[in-house]
Amino acid sequence: MSGNEHDDCVIDVRNVWTQFGTHVVHRDLNLCVRQGEVMSLVGGSGSGKSTLLREILGLEQPTRGEIRVLGVSLQHGVAEEIQALRNRWGMLFQEGAMFSALSVFENVALPLREMKTLDEDLIHDLVMLKLKMVDIEPRHASKMPSSLSGGMVKRVALARALSLEPELLFLDEPTAGLDPERSESFCKLIAYLKRELELTVVMVTHDLDTIVSISDRVAVLADQKIAALGTVAEVAQHPHPFIVEYFQGERGRRALTGLTA
Amino acid sequence: MASSPFAPVAPPALTLERASDGRPAVKLTGTWSLRSMQPVAQSLRQQLAAHARQTRDAHWDLSGVTRMDHAGAMMLWQAWGRQRAANVNLRAEHEGLFEHLQAAPMQEPPAEKFHWLTPGLALTRPLMVLGRHIIEVVVLLGRVSLAFLQCLAHPSRMPWKEISANVYRTGAQALGITALVGFLIGVVLSYLSAQQLKAYGAGIFIVNLLGIAVIRELGPVLAAILVAGRSGSAMTAQIGVMRVTDEIDAMAVMGIPYTVRLVLPRIIALAISLPLIVLWTNAIALFGGMVAAHYKLDISIGYFISALPEAVPVANLWLGLSKSIVFGILIALLACHFGLRIEPNTESLGIGTTNSVVAAITIVILVDAIFAVLFSDVGVP
């Protein structure tokens, strides 16, 4: 390996600018996500967390700058390389984004069937394994997404995100809309899967408990760039007004007590 | 430690060797992951199955596998007959994968049980569905009628704004397409009849023929079909999406009955705008017919207009307009009915919209036939 600082970045966001008309969302933003870590993106509403996530996923293009994922440039890369990249990541959308016309089983099987070379027997066993990993019982496999509870939709969506054995997992508000107990167990599930599958996880969230319980590093988006980056404990000490309000507010202190204890 | 995500992946491979004790040994190397296996999945599977069959007591050496995921492990697992082979040598970090497989129940989701009534039910189901639709439409009509009576008693509750917006959307915005279609139908009808009438020297009767056909029959039905396709589908989709996004429940919680706010204004609006559209379509279709007659039969537009009241009793116009009021009510009622039945998934929205338009057009033609039979002696000179 050369001495280049970008070498060990699985996701490498370089000098990204995002503008909607005259409104600047990201101004010369840099971010590096290392392999095997859980990175949380935090920021106020409208700070551009979701936009950054969508740019990393190639759903939107930044105005300027470059984003490299697993060494492939989303701006200057070859189309086939970028296409191959899409089989190496999984995304859990906030509302699950289940295909409402397909059953739970078919939802998880869809990306596997798209590979075209796997036989139905293997797909079946793999799907049941993934569902088992996210604690969905086999009897729910034939149900339609509309008849599932919110927590189950999230878990099935996670199974679908994991069905292609991704190296990278993106989570958008993974615990939003779950009750505290469910969100606690969902965090445990993600931590467990991350350990088992050697995943690199990027997560956008508001929930302090989620951040504290599973993230290795936190990136705070404020003032159109990454205002602070480090472990939860490091970031919590940062003097930026947003961070002070966020982490030192009552909710923040409550969540952080778990960290120091 | 996981291998570098940037490193090129070695393809999965397996070789058959003899172990030191003389037993066969299957040696696996490379990356056994979903992506690396994808191009060669079929042949790998066959090779594995062949080895597993031939050499039941084989020694499986997986220590050369650099990377393995669930898909790779699953493929081996299936080759071993969904159990762990007797002699397996694998890396410690891959041990966990097989533990998952051991723990995972691979049972089928329970299949639907066959019941001796099933074939019978399959035959009667369409009838039952139709029956349910009819009952629901009647119930909806009843609720809307009650809402209408209440609004009549308290005119301040009448959703005037919604009615006006819907009249604009279903009426004013439909003028263009109905004019175009009406004009072309008028031209075609006049042109074809002119050829036949000319053969009998009865060219002058083009006025009677066109007048009766357009005003009594074609105008109302044509406009109703166009509006059913255009506004009916829009109404179903609108109400359907409101259903999907829980907006209708939100209204109910606020104490705003959806019959008053959503269904009633649409029905009243279409009952107002469809007759107006029909008048407009009639006029344009007759104009198209006049133009064609002028060129084909040398009947001047002035003569056509002056002969029209003589040839077509005015009862035909009233019949056509009253038909179109009924059509308007039915189209809006069916559109709302199908919209309210939509379930929160994309497929249901598509099916609901299609059904709404098909049902509306069918019912328009059905009711038109009833009108034709009931009023067969009205307006005929």
# chains A, B, ... in the order shown; residues from 1 in each chain; ligands from 1
call {"tool": "select_by_dssp", "arguments": {"residues": "stretch 27-202 of chain A", "states": "strand (DSSP E or B)", "output": "JSON, numbers by chain"}}
result
{"A": [27, 28, 29, 30, 31, 32, 33, 34, 38, 39, 40, 41, 42, 43, 64, 65, 66, 67, 68, 69, 72, 73, 89, 90, 91, 92, 168, 169, 170, 171, 172, 200, 201, 202]}
call {"tool": "residues_around", "arguments": {"residues": "A:Arg14", "least_positions_apart": "6", "cutoff": "8 Å", "atoms": "only C-alpha atoms", "output": "count of residues only"}}
result
7
call {"tool": "interface_residues", "arguments": {"of": "chain A", "to": "chain B", "cutoff": "8 Å", "atoms": "only C-alpha atoms", "output": "PyMOL selection string"}}
result
chain A and resi 10+70-71+87+100-101+115+117-119+122+125-126+128-129+132+138-142+146+164-165+167+196-198
call {"tool": "residues_around", "arguments": {"residues": "B:Leu264", "least_positions_apart": "2", "cutoff": "9 Å", "atoms": "only C-alpha atoms", "output": "count of residues only"}}
result
16
call {"tool": "residues_around", "arguments": {"residues": "stretch 224-233 of chain B", "least_positions_apart": "6", "cutoff": "7 Å", "atoms": "only C-alpha atoms", "output": "list in words"}}
result
Thr170, Phe327, Ile331, Ala332, Ala335, Thr353, Ser356, Val357, Ala360 and Ile361 of chain B
call {"tool": "residues_around", "arguments": {"residues": "B:Ala50", "least_positions_apart": "3", "cutoff": "12 Å", "atoms": "only C-alpha atoms", "output": "list in words"}}
result
Leu14, Leu16, Val26, Ser43, Leu44, Arg45, Gln46, Gln47, Arg53, Gln54, Thr55, Arg56, Ala58, Leu76, Ala79 and Trp80 of chain B
